[in-house]
Structures are given as C-alpha cells and as structure tokens.
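*Asks:* Got a structure for you, coords-v6.pdb, holding PDB, C-alpha atoms and all ligand atoms.
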ATOM      1  CA  MET A   1      80.520 103.534 127.465
ATOM      2  CA  THR A   2      81.453 105.477 130.584
ATOM      3  CA  ASP A   3      79.986 103.256 133.279
ATOM      4  CA  ASN A   4      82.869 101.582 135.123
ATOM      5  CA  GLY A   5      82.089  98.483 137.115
ATOM      6  CA  SER A   6      78.557  97.422 136.372
ATOM      7  CA  SER A   7      79.318  97.041 132.660
ATOM      8  CA  PHE A   8      81.509  94.017 133.425
ATOM      9  CA  ARG A   9      78.140  92.291 133.975
ATOM     10  CA  LEU A  10      76.633  90.127 131.236
ATOM     11  CA  GLU A  11      72.992  90.081 132.356
ATOM     12  CA  GLY A  12      70.634  89.246 129.504
ATOM     13  CA  ARG A  13      73.480  88.007 127.315
ATOM     14  CA  LYS A  14      73.474  84.603 125.642
ATOM     15  CA  LEU A  15      77.019  83.307 125.486
ATOM     16  CA  VAL A  16      78.287  80.156 123.755
ATOM     17  CA  VAL A  17      81.585  78.514 124.727
ATOM     18  CA  THR A  18      83.099  75.738 122.618
ATOM     19  CA  GLY A  19      85.181  73.063 124.347
ATOM     20  CA  ALA A  20      83.372  73.932 127.568
ATOM     21  CA  ALA A  21      83.158  70.510 129.232
ATOM     22  CA  ARG A  22      86.405  71.124 131.114
ATOM     23  CA  GLY A  23      89.484  73.300 131.538
ATOM     24  CA  ILE A  24      89.607  76.882 130.351
ATOM     25  CA  GLY A  25      86.282  76.573 128.507
ATOM     26  CA  TYR A  26      84.476  75.479 131.648
ATOM     27  CA  ALA A  27      86.071  78.316 133.646
ATOM     28  CA  ILE A  28      84.933  80.811 130.986
ATOM     29  CA  ALA A  29      81.371  79.476 131.132
ATOM     30  CA  ARG A  30      81.389  79.700 134.945
ATOM     31  CA  ALA A  31      82.762  83.265 134.909
ATOM     32  CA  ALA A  32      80.108  84.292 132.373
ATOM     33  CA  ALA A  33      77.334  82.657 134.407
ATOM     34  CA  ARG A  34      78.570  84.451 137.543
ATOM     35  CA  ALA A  35      78.445  87.698 135.548
ATOM     36  CA  GLY A  36      74.780  87.009 134.759
ATOM     37  CA  ALA A  37      74.901  85.510 131.261
ATOM     38  CA  THR A  38      72.877  82.528 130.094
ATOM     39  CA  VAL A  39      75.496  80.098 128.818
ATOM     40  CA  ALA A  40      75.567  77.279 126.291
ATOM     41  CA  LEU A  41      78.301  74.679 126.609
ATOM     42  CA  ILE A  42      79.470  73.016 123.406
ATOM     43  CA  ASP A  43      81.685  69.920 123.405
ATOM     44  CA  LEU A  44      82.099  66.469 121.883
ATOM     45  CA  GLU A  45      80.183  64.170 124.263
ATOM     46  CA  GLN A  46      76.772  64.526 125.911
ATOM     47  CA  THR A  47      77.765  62.742 129.142
ATOM     48  CA  ARG A  48      80.674  65.114 129.772
ATOM     49  CA  LEU A  49      78.454  68.058 128.865
ATOM     50  CA  ASP A  50      75.763  66.913 131.296
ATOM     51  CA  GLU A  51      78.363  66.561 134.075
ATOM     52  CA  ALA A  52      79.781  70.006 133.346
ATOM     53  CA  ALA A  53      76.323  71.599 133.262
ATOM     54  CA  ALA A  54      75.390  69.970 136.582
ATOM     55  CA  LYS A  55      78.670  71.147 138.143
ATOM     56  CA  LEU A  56      78.075  74.675 136.862
ATOM     57  CA  ARG A  57      74.537  74.788 138.254
ATOM     58  CA  GLY A  58      75.985  73.594 141.575
ATOM     59  CA  GLU A  59      78.693  76.272 141.594
ATOM     60  CA  VAL A  60      76.632  79.247 140.402
ATOM     61  CA  ASP A  61      73.262  79.867 142.042
ATOM     62  CA  GLY A  62      70.498  80.251 139.466
ATOM     63  CA  ALA A  63      72.802  79.593 136.514
ATOM     64  CA  GLU A  64      70.960  79.090 133.234
ATOM     65  CA  VAL A  65      72.942  76.483 131.296
ATOM     66  CA  LEU A  66      72.232  74.820 127.947
ATOM     67  CA  THR A  67      74.344  72.164 126.227
ATOM     68  CA  GLU A  68      74.851  71.190 122.602
ATOM     69  CA  ILE A  69      77.001  68.367 121.253
ATOM     70  CA  CYS A  70      79.131  69.547 118.382
ATOM     71  CA  ASP A  71      82.481  68.794 116.785
ATOM     72  CA  VAL A  72      83.751  72.193 115.659
ATOM     73  CA  THR A  73      85.583  70.590 112.715
ATOM     74  CA  SER A  74      82.224  69.768 111.106
ATOM     75  CA  TYR A  75      80.525  72.749 109.470
ATOM     76  CA  GLU A  76      77.287  70.738 109.412
ATOM     77  CA  GLN A  77      77.437  70.055 113.163
ATOM     78  CA  VAL A  78      78.279  73.684 113.951
ATOM     79  CA  SER A  79      75.331  74.829 111.822
ATOM     80  CA  ALA A  80      73.006  72.314 113.506
ATOM     81  CA  ALA A  81      74.119  73.389 117.000
ATOM     82  CA  ALA A  82      73.603  77.072 116.134
ATOM     83  CA  LYS A  83      70.145  76.310 114.724
ATOM     84  CA  ALA A  84      69.190  74.335 117.819
ATOM     85  CA  LEU A  85      70.320  77.182 120.052
ATOM     86  CA  GLU A  86      68.424  79.724 117.970
ATOM     87  CA  THR A  87      65.260  77.689 118.529
ATOM     88  CA  ARG A  88      65.962  77.353 122.238
ATOM     89  CA  TRP A  89      67.100  80.885 123.159
ATOM     90  CA  GLY A  90      66.996  83.123 120.060
ATOM     91  CA  ARG A  91      70.062  85.037 118.956
ATOM     92  CA  THR A  92      73.488  84.323 120.448
ATOM     93  CA  ASP A  93      75.172  87.552 121.616
ATOM     94  CA  THR A  94      78.636  86.239 122.396
ATOM     95  CA  LEU A  95      80.730  83.379 121.045
ATOM     96  CA  VAL A  96      83.883  82.139 122.749
ATOM     97  CA  ASN A  97      85.934  79.905 120.439
ATOM     98  CA  ASN A  98      87.879  77.876 122.990
ATOM     99  CA  ALA A  99      87.879  74.251 121.738
ATOM    100  CA  GLY A 100      91.398  73.142 120.983
ATOM    101  CA  ILE A 101      93.877  70.274 121.020
ATOM    102  CA  ALA A 102      97.647  70.113 121.495
ATOM    103  CA  TYR A 103     100.388  67.599 120.821
ATOM    104  CA  HIS A 104     104.094  67.647 120.291
ATOM    105  CA  ALA A 105     105.572  66.345 117.031
ATOM    106  CA  PRO A 106     108.781  67.295 115.219
ATOM    107  CA  ALA A 107     108.182  68.991 111.860
ATOM    108  CA  GLU A 108     110.311  66.443 110.011
ATOM    109  CA  THR A 109     108.288  63.421 111.169
ATOM    110  CA  MET A 110     104.825  64.851 111.786
ATOM    111  CA  SER A 111     102.245  62.993 109.714
ATOM    112  CA  VAL A 112      99.954  64.727 107.299
ATOM    113  CA  ALA A 113      97.014  63.447 109.350
ATOM    114  CA  GLU A 114      98.412  65.086 112.519
ATOM    115  CA  TRP A 115      98.987  68.365 110.686
ATOM    116  CA  ASP A 116      95.497  68.341 109.165
ATOM    117  CA  ARG A 117      93.820  67.468 112.479
ATOM    118  CA  MET A 118      95.556  70.304 114.328
ATOM    119  CA  LEU A 119      94.656  72.901 111.711
ATOM    120  CA  SER A 120      91.153  71.534 111.493
ATOM    121  CA  VAL A 121      90.310  71.800 115.215
ATOM    122  CA  ASN A 122      92.405  74.802 116.230
ATOM    123  CA  LEU A 123      91.929  77.040 113.183
ATOM    124  CA  SER A 124      89.184  75.888 110.794
ATOM    125  CA  GLY A 125      86.859  75.189 113.732
ATOM    126  CA  VAL A 126      87.286  78.774 114.894
ATOM    127  CA  PHE A 127      86.403  80.067 111.435
ATOM    128  CA  TYR A 128      83.384  77.765 111.045
ATOM    129  CA  CYS A 129      81.907  78.799 114.398
ATOM    130  CA  SER A 130      82.679  82.470 113.780
ATOM    131  CA  GLN A 131      80.892  82.432 110.428
ATOM    132  CA  VAL A 132      77.883  80.403 111.566
ATOM    133  CA  PHE A 133      77.307  82.405 114.769
ATOM    134  CA  GLY A 134      78.620  85.663 113.251
ATOM    135  CA  VAL A 135      76.092  86.002 110.422
ATOM    136  CA  PRO A 136      73.094  86.505 112.769
ATOM    137  CA  MET A 137      75.212  88.966 114.779
ATOM    138  CA  ILE A 138      75.905  90.925 111.575
ATOM    139  CA  GLU A 139      72.188  90.865 110.719
ATOM    140  CA  ALA A 140      71.367  92.152 114.211
ATOM    141  CA  GLY A 141      74.110  94.803 114.115
ATOM    142  CA  SER A 142      75.794  93.672 117.339
ATOM    143  CA  GLY A 143      77.737  90.814 118.865
ATOM    144  CA  THR A 144      81.061  89.821 120.371
ATOM    145  CA  ILE A 145      83.467  87.005 119.579
ATOM    146  CA  VAL A 146      86.457  86.041 121.732
ATOM    147  CA  ASN A 147      88.933  83.494 120.367
ATOM    148  CA  ILE A 148      91.283  81.519 122.598
ATOM    149  CA  ALA A 149      94.616  81.692 120.811
ATOM    150  CA  SER A 150      97.898  81.038 122.647
ATOM    151  CA  MET A 151     101.207  82.735 123.284
ATOM    152  CA  SER A 152     102.397  79.974 120.914
ATOM    153  CA  GLY A 153     100.824  82.033 118.121
ATOM    154  CA  LEU A 154     103.315  84.792 118.917
ATOM    155  CA  ILE A 155     106.529  82.969 119.832
ATOM    156  CA  VAL A 156     108.052  79.528 119.258
ATOM    157  CA  ASN A 157     107.843  77.817 122.637
ATOM    158  CA  ARG A 158     110.591  75.461 123.772
ATOM    159  CA  PRO A 159     111.755  72.823 124.126
ATOM    160  CA  GLN A 160     108.751  70.948 122.717
ATOM    161  CA  PRO A 161     108.360  70.739 118.928
ATOM    162  CA  GLN A 162     104.825  71.839 118.015
ATOM    163  CA  VAL A 163     104.917  73.481 114.618
ATOM    164  CA  ALA A 164     101.282  72.756 113.766
ATOM    165  CA  TYR A 165      99.983  74.140 117.072
ATOM    166  CA  ASN A 166     102.080  77.299 116.713
ATOM    167  CA  VAL A 167     100.910  77.856 113.137
ATOM    168  CA  ALA A 168      97.243  77.222 113.989
ATOM    169  CA  LYS A 169      97.343  79.695 116.889
ATOM    170  CA  ALA A 170      99.146  82.315 114.787
ATOM    171  CA  GLY A 171      96.312  81.800 112.316
ATOM    172  CA  VAL A 172      93.750  82.408 115.056
ATOM    173  CA  ILE A 173      95.411  85.735 115.866
ATOM    174  CA  MET A 174      95.275  86.868 112.214
ATOM    175  CA  LEU A 175      91.743  85.481 111.832
ATOM    176  CA  THR A 176      90.792  87.631 114.822
ATOM    177  CA  LYS A 177      92.246  90.769 113.235
ATOM    178  CA  SER A 178      90.712  90.045 109.825
ATOM    179  CA  LEU A 179      87.204  89.352 111.164
ATOM    180  CA  ALA A 180      87.449  92.399 113.435
ATOM    181  CA  ALA A 181      88.198  94.632 110.464
ATOM    182  CA  GLU A 182      85.504  93.091 108.244
ATOM    183  CA  TRP A 183      82.770  93.036 110.873
ATOM    184  CA  ALA A 184      83.403  96.309 112.733
ATOM    185  CA  PRO A 185      81.027  98.166 110.393
ATOM    186  CA  HIS A 186      78.333  95.665 111.464
ATOM    187  CA  GLY A 187      78.811  96.306 115.188
ATOM    188  CA  VAL A 188      80.531  92.970 115.835
ATOM    189  CA  ARG A 189      83.724  93.033 117.924
ATOM    190  CA  VAL A 190      86.249  90.194 117.557
ATOM    191  CA  ASN A 191      89.152  89.766 119.976
ATOM    192  CA  ALA A 192      91.448  87.019 121.247
ATOM    193  CA  VAL A 193      93.093  85.935 124.470
ATOM    194  CA  ALA A 194      96.537  84.340 124.229
ATOM    195  CA  PRO A 195      97.118  82.227 127.343
ATOM    196  CA  GLY A 196     100.510  81.139 128.558
ATOM    197  CA  TYR A 197     100.961  77.804 130.362
ATOM    198  CA  THR A 198      97.686  77.171 132.146
ATOM    199  CA  ARG A 199      97.112  74.199 134.426
ATOM    200  CA  THR A 200      94.397  72.068 132.785
ATOM    201  CA  ASP A 201      93.963  68.448 131.693
ATOM    202  CA  LEU A 202      95.486  69.430 128.350
ATOM    203  CA  ILE A 203      98.964  69.587 129.932
ATOM    204  CA  GLU A 204      98.409  67.927 133.338
ATOM    205  CA  HIS A 205     100.480  64.860 132.307
ATOM    206  CA  LEU A 206     103.492  67.163 131.800
ATOM    207  CA  VAL A 207     103.286  69.176 135.037
ATOM    208  CA  ASP A 208     105.772  66.980 136.946
ATOM    209  CA  THR A 209     108.409  66.916 134.217
ATOM    210  CA  ASP A 210     111.758  68.731 134.106
ATOM    211  CA  MET A 211     110.512  70.393 130.920
ATOM    212  CA  CYS A 212     107.651  71.995 132.814
ATOM    213  CA  ARG A 213     109.758  73.030 135.828
ATOM    214  CA  ASP A 214     112.818  74.241 133.928
ATOM    215  CA  TYR A 215     111.402  75.742 130.765
ATOM    216  CA  TRP A 216     107.733  76.486 131.297
ATOM    217  CA  ILE A 217     107.659  77.708 134.895
ATOM    218  CA  GLY A 218     111.349  78.668 134.888
ATOM    219  CA  GLY A 219     110.724  80.811 131.813
ATOM    220  CA  THR A 220     107.722  82.581 133.329
ATOM    221  CA  PRO A 221     108.596  85.799 135.206
ATOM    222  CA  LEU A 222     105.720  85.200 137.688
ATOM    223  CA  LYS A 223     107.229  81.708 138.312
ATOM    224  CA  ARG A 224     104.021  79.700 138.166
ATOM    225  CA  MET A 225     101.438  78.415 135.736
ATOM    226  CA  GLY A 226      98.210  80.300 135.219
ATOM    227  CA  SER A 227      94.804  79.066 136.313
ATOM    228  CA  PRO A 228      91.786  78.677 134.019
ATOM    229  CA  ASP A 229      90.035  81.415 136.021
ATOM    230  CA  GLU A 230      92.809  83.866 135.193
ATOM    231  CA  ILE A 231      92.198  83.251 131.491
ATOM    232  CA  ALA A 232      88.428  83.491 131.998
ATOM    233  CA  ASN A 233      88.816  86.929 133.593
ATOM    234  CA  ALA A 234      90.446  88.263 130.436
ATOM    235  CA  VAL A 235      87.662  86.748 128.311
ATOM    236  CA  LEU A 236      85.061  88.375 130.541
ATOM    237  CA  PHE A 237      86.691  91.765 129.990
ATOM    238  CA  LEU A 238      86.753  91.413 126.194
ATOM    239  CA  ALA A 239      83.213  90.004 126.026
ATOM    240  CA  SER A 240      81.744  92.736 128.208
ATOM    241  CA  ASP A 241      80.814  96.335 127.401
ATOM    242  CA  VAL A 242      83.867  97.514 129.338
ATOM    243  CA  ALA A 243      85.804  96.603 126.176
ATOM    244  CA  SER A 244      83.343  98.381 123.855
ATOM    245  CA  TYR A 245      86.174 100.188 121.996
ATOM    246  CA  VAL A 246      88.445  97.131 121.749
ATOM    247  CA  THR A 247      88.442  95.037 118.583
ATOM    248  CA  GLY A 248      91.056  92.999 116.714
ATOM    249  CA  GLU A 249      93.175  92.810 119.876
ATOM    250  CA  THR A 250      94.993  89.780 121.287
ATOM    251  CA  LEU A 251      95.295  90.046 125.058
ATOM    252  CA  VAL A 252      98.308  88.031 126.277
ATOM    253  CA  VAL A 253      97.776  86.394 129.683
ATOM    254  CA  ASP A 254     101.019  84.507 130.284
ATOM    255  CA  GLY A 255     102.594  85.569 133.588
ATOM    256  CA  GLY A 256     105.100  87.537 131.513
ATOM    257  CA  TYR A 257     106.474  84.502 129.587
ATOM    258  CA  THR A 258     106.696  86.341 126.257
ATOM    259  CA  LEU A 259     108.661  89.231 127.822
ATOM    260  CA  TRP A 260     111.943  87.255 127.761
TER     261      TRP A 260
HETATM  262  N1  LIG B 301      96.284  74.821 128.913
HETATM  263  C1  LIG B 301      97.186  75.630 128.392
HETATM  264  O1  LIG B 301      98.334  75.735 128.859
HETATM  265  C2  LIG B 301      96.834  76.474 127.199
HETATM  266  C3  LIG B 301      97.741  77.482 126.791
HETATM  267  C4  LIG B 301      97.440  78.270 125.696
HETATM  268  C5  LIG B 301      96.244  78.089 125.009
HETATM  269  N2  LIG B 301      95.398  77.111 125.404
HETATM  270  C6  LIG B 301      94.172  76.945 124.624
HETATM  271  O2  LIG B 301      93.038  77.029 125.466
HETATM  272  C7  LIG B 301      91.973  76.246 124.924
HETATM  273  C8  LIG B 301      91.439  75.304 125.996
HETATM  274  O3  LIG B 301      92.516  74.507 126.462
HETATM  275  P1  LIG B 301      92.424  73.615 127.776
HETATM  276  O4  LIG B 301      93.771  73.621 128.360
HETATM  277  O5  LIG B 301      91.249  74.006 128.590
HETATM  278  O6  LIG B 301      92.192  72.175 127.085
HETATM  279  P2  LIG B 301      91.345  70.887 127.581
HETATM  280  O7  LIG B 301      91.885  69.753 126.787
HETATM  281  O8  LIG B 301      91.344  70.777 129.063
HETATM  282  O9  LIG B 301      89.857  71.232 127.103
HETATM  283  C9  LIG B 301      89.562  71.364 125.726
HETATM  284  C10 LIG B 301      88.110  70.990 125.499
HETATM  285  O10 LIG B 301      87.863  71.147 124.087
HETATM  286  C11 LIG B 301      87.098  70.024 123.657
HETATM  287  N3  LIG B 301      87.319  69.782 122.223
HETATM  288  C12 LIG B 301      88.433  69.292 121.642
HETATM  289  N4  LIG B 301      88.241  69.147 120.325
HETATM  290  C13 LIG B 301      86.983  69.559 120.061
HETATM  291  C14 LIG B 301      86.194  69.633 118.890
HETATM  292  N5  LIG B 301      86.673  69.228 117.707
HETATM  293  N6  LIG B 301      84.935  70.111 118.982
HETATM  294  C15 LIG B 301      84.419  70.504 120.178
HETATM  295  N7  LIG B 301      85.113  70.448 121.330
HETATM  296  C16 LIG B 301      86.375  69.960 121.281
HETATM  297  C17 LIG B 301      87.607  68.862 124.505
HETATM  298  O11 LIG B 301      86.668  67.788 124.526
HETATM  299  C18 LIG B 301      87.810  69.520 125.858
HETATM  300  O12 LIG B 301      86.648  69.447 126.666
HETATM  301  C19 LIG B 301      92.567  75.523 123.706
HETATM  302  O13 LIG B 301      92.234  76.236 122.525
HETATM  303  C20 LIG B 301      94.054  75.581 123.962
HETATM  304  O14 LIG B 301      94.821  75.519 122.784
HETATM  305  C21 LIG B 301      95.654  76.301 126.478
END
In structure tokens, write the structure found in this file.
*Replies:*
Amino acid sequence: MTDNGSSFRLEGRKLVVTGAARGIGYAIARAAARAGATVALIDLEQTRLDEAAAKLRGEVDGAEVLTEICDVTSYEQVSAAAKALETRWGRTDTLVNNAGIAYHAPAETMSVAEWDRMLSVNLSGVFYCSQVFGVPMIEAGSGTIVNIASMSGLIVNRPQPQVAYNVAKAGVIMLTKSLAAEWAPHGVRVNAVAPGYTRTDLIEHLVDTDMCRDYWIGGTPLKRMGSPDEIANAVLFLASDVASYVTGETLVVDGGYTLW
C-alpha cells in the first residue's frame, strides 16, 4: 500500500463498534462514519442506541448507521447480533471491541462477583466478539479488528486499586497479539489501542478530585486528559489500509503517561 492520504478513508467498509452508545465508542463510530464507513453501533439498551444513532446522523451528513442490542458477555447475544447484521448488510469488514467497564476495588476485599464481571465484560467479551465476527473474516480472507485495551494493561496505575481492570486489559493486549499471529495467514489484522485517561462518562465523576488532578493529570507529561476523538483517530489509523503492514501492535495514546 503506497497511497498516502486517501487510504485513511473507509468507503465501502462495514464497521461494528461495541459499547458505541457513548464515550470513546461513539467517537470511534463518528470518526469511521466521517471516513466513509457504514457503521453498526452495539450496546446494551435500544433507547440509548437510538439516541446515539440519531446524534450520529445529525453530526455526519449522509451517515449510514445501524444498531444492534447486545451484551458482549453473552456468546448467544453476540452470535445473534452478528447474524442480524449479516442479514442486514452482509459481511462485517472491521470490528472495534470497545465495550468496557471500570471500578476500583482493593484486591484483598474485591468480591468474586466483581472479579468475574470485570473479566467477563473486558476480556471474555472481546474474545467472543472476535471469534464470532472473525470467522467470516477468515473465510473471506480479509478483515480488521481493533481492541480498546488501556495503558492499565501495561502499567499499574495509581493511586486507585483496580487489579481486575489491569489484568483484563493486559489480557486484551495478549489476546490481540495471539489472534494477530493466528489470523495473519488468513488476511485478518488484529491490533489494539491503549488509551490513557480519557474524559468520558466512565470517569467523569472523578474529574474534580485531587486524585485526578494530582495523579492522573499531574502524571501525564502533556498535562491534560485525552478526548474520545484522540482515541478514535488512532483506531481509524489501525482500521484503515494505511496500517496494512501493522498487526499485533498496541498503540499507546496516553499523553505520555507511561513514559514516567
Ligand atoms: N475513559 C478512559 O479514561 C479510558 C482509559 C483507558 C481505556 N478505556 C477503555 O475504553 C473503552 C470505552 O470507555 P469509555 O470511557 O468510553 O466508557 P463509557 O462507560 O463512557 O462507555 C462504555 C460503553 O460500553 C457499554 N457497555 C458496557 N458493558 C457492556 C456490555 N456488556 N455489552 C455491550 N456494551 C457494554 C456501556 O453501555 C457504554 O455505552 C473501555 O473499554 C474502557 O476500558 C477508557
């Protein structure tokens, strides 16, 4: 691929984003729609999906937007959503595994239910979606998957205790490498983006705390939080043909946080 510029475009591509009703997932869907892709938003509730789809159509002229309700922790629901999309638009070219949850809990008191829930959404859900959407990509001999990991899969963030989140995101990074190696012979690229602190509803309730000011922003060389659009830009790169020789990579987008 030698064409610089136009190959950032995603015209003709069908791109699925999980957890797309808000936050980083919504920004990814909007960036993909602006780049010319037809997008499918996946999330937990139809009302929130309808609102997000309407907002997206309002923000991007001519955007083609589908929605599917699906809890990524249910293999049955993921399979049903993929089947419904296949009927509606044919083969999915690109999958962005973005759905995720976060909470803080010390390792010594975290309940088994909390541990299981975190691993289920943030790691097993990524595998389920990758397998269900990946098999038709393998059959077709092409496709792209981008997983939203976190810098927390690379370092232990502080001061908040979040062992399960860190472990799940580290798992996403190794899942990315493993799938990339297994599926490269089939023409399927698998990469990840590891965001640093990004201002979304996930952490909005913590933005005005000393923890956020002193540790999160204070520990970021660029001295600010990232925006969902800045994460979406990295996803766009990895999903597009500009990254045709990139697979198994985790692109860190953290304002330099992991440098120190
Ligand atoms: N915000 C940050 O600072 C930050 C930093 C690093 C990584 N991330 C990662 O980015 C991704 C998006 O985070 P965000 O900040 O936009 O979060 P968010 O809470 O604003 O949005 C997450 C979306 O995922 C959906 N979701 C949750 N569980 C789901 C499930 N089981 N099935 C389907 N959808 C589900 C939610 O309904 C929500 O719409 C997550 O994987 C998160 O771990 C976020």
*Asks:* Could you list, as a ChimeraX atom specification, every residue matched by the PyMOL selection byres (((chain A and resi 238-254) around 8) and not hetatm) in this structure?
*Replies:* /A:1,3-4,7-10,94,144-146,150-151,173,176-181,184,189-197,220,226,230-231,234-237,255-258
*Asks:* Could you give me the residues within 6 Å of ligand LIG 301 (chain B), counting all atoms listed in the file, as a PDB file with C-alpha atoms, keeping the file's coordinate frame?
*Replies:*
ATOM      1  CA  THR A  18      83.099  75.738 122.618  1.00  0.00           C
ATOM      2  CA  GLY A  19      85.181  73.063 124.347  1.00  0.00           C
ATOM      3  CA  ALA A  20      83.372  73.932 127.568  1.00  0.00           C
ATOM      4  CA  ALA A  21      83.158  70.510 129.232  1.00  0.00           C
ATOM      5  CA  ARG A  22      86.405  71.124 131.114  1.00  0.00           C
ATOM      6  CA  GLY A  23      89.484  73.300 131.538  1.00  0.00           C
ATOM      7  CA  ILE A  24      89.607  76.882 130.351  1.00  0.00           C
ATOM      8  CA  GLY A  25      86.282  76.573 128.507  1.00  0.00           C
ATOM      9  CA  ASP A  43      81.685  69.920 123.405  1.00  0.00           C
ATOM     10  CA  LEU A  44      82.099  66.469 121.883  1.00  0.00           C
ATOM     11  CA  CYS A  70      79.131  69.547 118.382  1.00  0.00           C
ATOM     12  CA  ASP A  71      82.481  68.794 116.785  1.00  0.00           C
ATOM     13  CA  VAL A  72      83.751  72.193 115.659  1.00  0.00           C
ATOM     14  CA  THR A  73      85.583  70.590 112.715  1.00  0.00           C
ATOM     15  CA  ASN A  98      87.879  77.876 122.990  1.00  0.00           C
ATOM     16  CA  ALA A  99      87.879  74.251 121.738  1.00  0.00           C
ATOM     17  CA  GLY A 100      91.398  73.142 120.983  1.00  0.00           C
ATOM     18  CA  ILE A 101      93.877  70.274 121.020  1.00  0.00           C
ATOM     19  CA  VAL A 121      90.310  71.800 115.215  1.00  0.00           C
ATOM     20  CA  ILE A 148      91.283  81.519 122.598  1.00  0.00           C
ATOM     21  CA  ALA A 149      94.616  81.692 120.811  1.00  0.00           C
ATOM     22  CA  SER A 150      97.898  81.038 122.647  1.00  0.00           C
ATOM     23  CA  PRO A 195      97.118  82.227 127.343  1.00  0.00           C
ATOM     24  CA  GLY A 196     100.510  81.139 128.558  1.00  0.00           C
ATOM     25  CA  TYR A 197     100.961  77.804 130.362  1.00  0.00           C
ATOM     26  CA  THR A 198      97.686  77.171 132.146  1.00  0.00           C
ATOM     27  CA  ARG A 199      97.112  74.199 134.426  1.00  0.00           C
ATOM     28  CA  THR A 200      94.397  72.068 132.785  1.00  0.00           C
ATOM     29  CA  ASP A 201      93.963  68.448 131.693  1.00  0.00           C
ATOM     30  CA  LEU A 202      95.486  69.430 128.350  1.00  0.00           C
ATOM     31  CA  ILE A 203      98.964  69.587 129.932  1.00  0.00           C
TER      32      ILE A 203
END
*Asks:* Which residue is closest to A:Tyr75? Choose from A:Val132, A:Ala35, A:Ile42, A:Thr47 and count all atoms listed in the file.
*Replies:* A:Val132
*Asks:* Which residue is closest to A:Gly187? Choose from A:Ile155, A:Val78, A:Ile138, A:Ala54 and count all atoms listed in the file.
*Replies:* A:Ile138
*Asks:* One number please: atom CA of A:Thr92 to atom CA of A:Val60, in Å, one decimal.
*Replies:*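 Interatomic distance, atom CA of A:Thr92 to atom CA of A:Val60: 20.8 Å.
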*Asks:* Do you have the atom CA of A:Arg30-atom CA of A:Ala170 distance handy?
*Replies:*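 Calculated distance between atom CA of A:Arg30 and atom CA of A:Ala170 is 27.0 Å.
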*Asks:* Hey, which of A:Thr38, A:Asn233, A:Ser74, A:Ser79 ends up closest to A:Gly134? Count only C-alpha atoms.
*Replies:*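 When distances to A:Gly134 are compared using only C-alpha atoms, the smallest one comes from A:Ser79.
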*Asks:* Can you tell me which residues surround A:Ser152 at a distance of at most 7 Å, considering only C-alpha atoms, apart from same-chain residues fewer than 4 positions away, and format the answer as an mmCIF file with C-alpha atoms, keeping the file's coordinate frame?
*Replies:*
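selection00.cif written:
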data_model
loop_
_atom_site.group_PDB
_atom_site.id
_atom_site.type_symbol
_atom_site.label_atom_id
_atom_site.label_comp_id
_atom_site.auth_asym_id
_atom_site.auth_seq_id
_atom_site.Cartn_x
_atom_site.Cartn_y
_atom_site.Cartn_z
ATOM 1 C CA VAL A 156 108.052 79.528 119.258
ATOM 2 C CA ASN A 157 107.843 77.817 122.637
ATOM 3 C CA ASN A 166 102.080 77.299 116.713
ATOM 4 C CA LYS A 169 97.343 79.695 116.889
#
*Asks:* Please write the residues picked by the PyMOL selection byres (((chain A and resi 164) around 8) and not hetatm) on this file as an NGL selection string.
*Replies:* :A and (115 or 118-119 or 162-163 or 165-168)
*Asks:* Generate the output file for the selected residues, C-alpha atoms, as a PDB file, in the coordinates of the input.
*Replies:*
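Result file is result-v2.pdb:
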ATOM      1  CA  TRP A 115      98.987  68.365 110.686  1.00  0.00           C
ATOM      2  CA  MET A 118      95.556  70.304 114.328  1.00  0.00           C
ATOM      3  CA  LEU A 119      94.656  72.901 111.711  1.00  0.00           C
ATOM      4  CA  GLN A 162     104.825  71.839 118.015  1.00  0.00           C
ATOM      5  CA  VAL A 163     104.917  73.481 114.618  1.00  0.00           C
ATOM      6  CA  TYR A 165      99.983  74.140 117.072  1.00  0.00           C
ATOM      7  CA  ASN A 166     102.080  77.299 116.713  1.00  0.00           C
ATOM      8  CA  VAL A 167     100.910  77.856 113.137  1.00  0.00           C
ATOM      9  CA  ALA A 168      97.243  77.222 113.989  1.00  0.00           C
TER      10      ALA A 168
END
*Asks:* To one decimal in Å, tell me the separation between atom CA of A:Leu95 and atom CA of A:Leu123.
*Replies:*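 Atom CA of A:Leu123 lies at a distance of 15.1 Å from atom CA of A:Leu95.
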*Asks:* For the structure shown, which residues end up in the PyMOL selection byres (((chain A and resi 51) around 12) and not hetatm)? Put them as a ChimeraX atom specification, please?
*Replies:* /A:20-22,26,41,43,45-50,52-58,65-67
*Asks:* For A:Val16, which of A:Phe133, A:Trp216, A:Tyr128, A:Tyr103 is the closest residue, counting all atoms listed in the file?
*Replies:*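 Ranking A:Phe133, A:Trp216, A:Tyr128, A:Tyr103 by distance to A:Val16, first place goes to A:Phe133.
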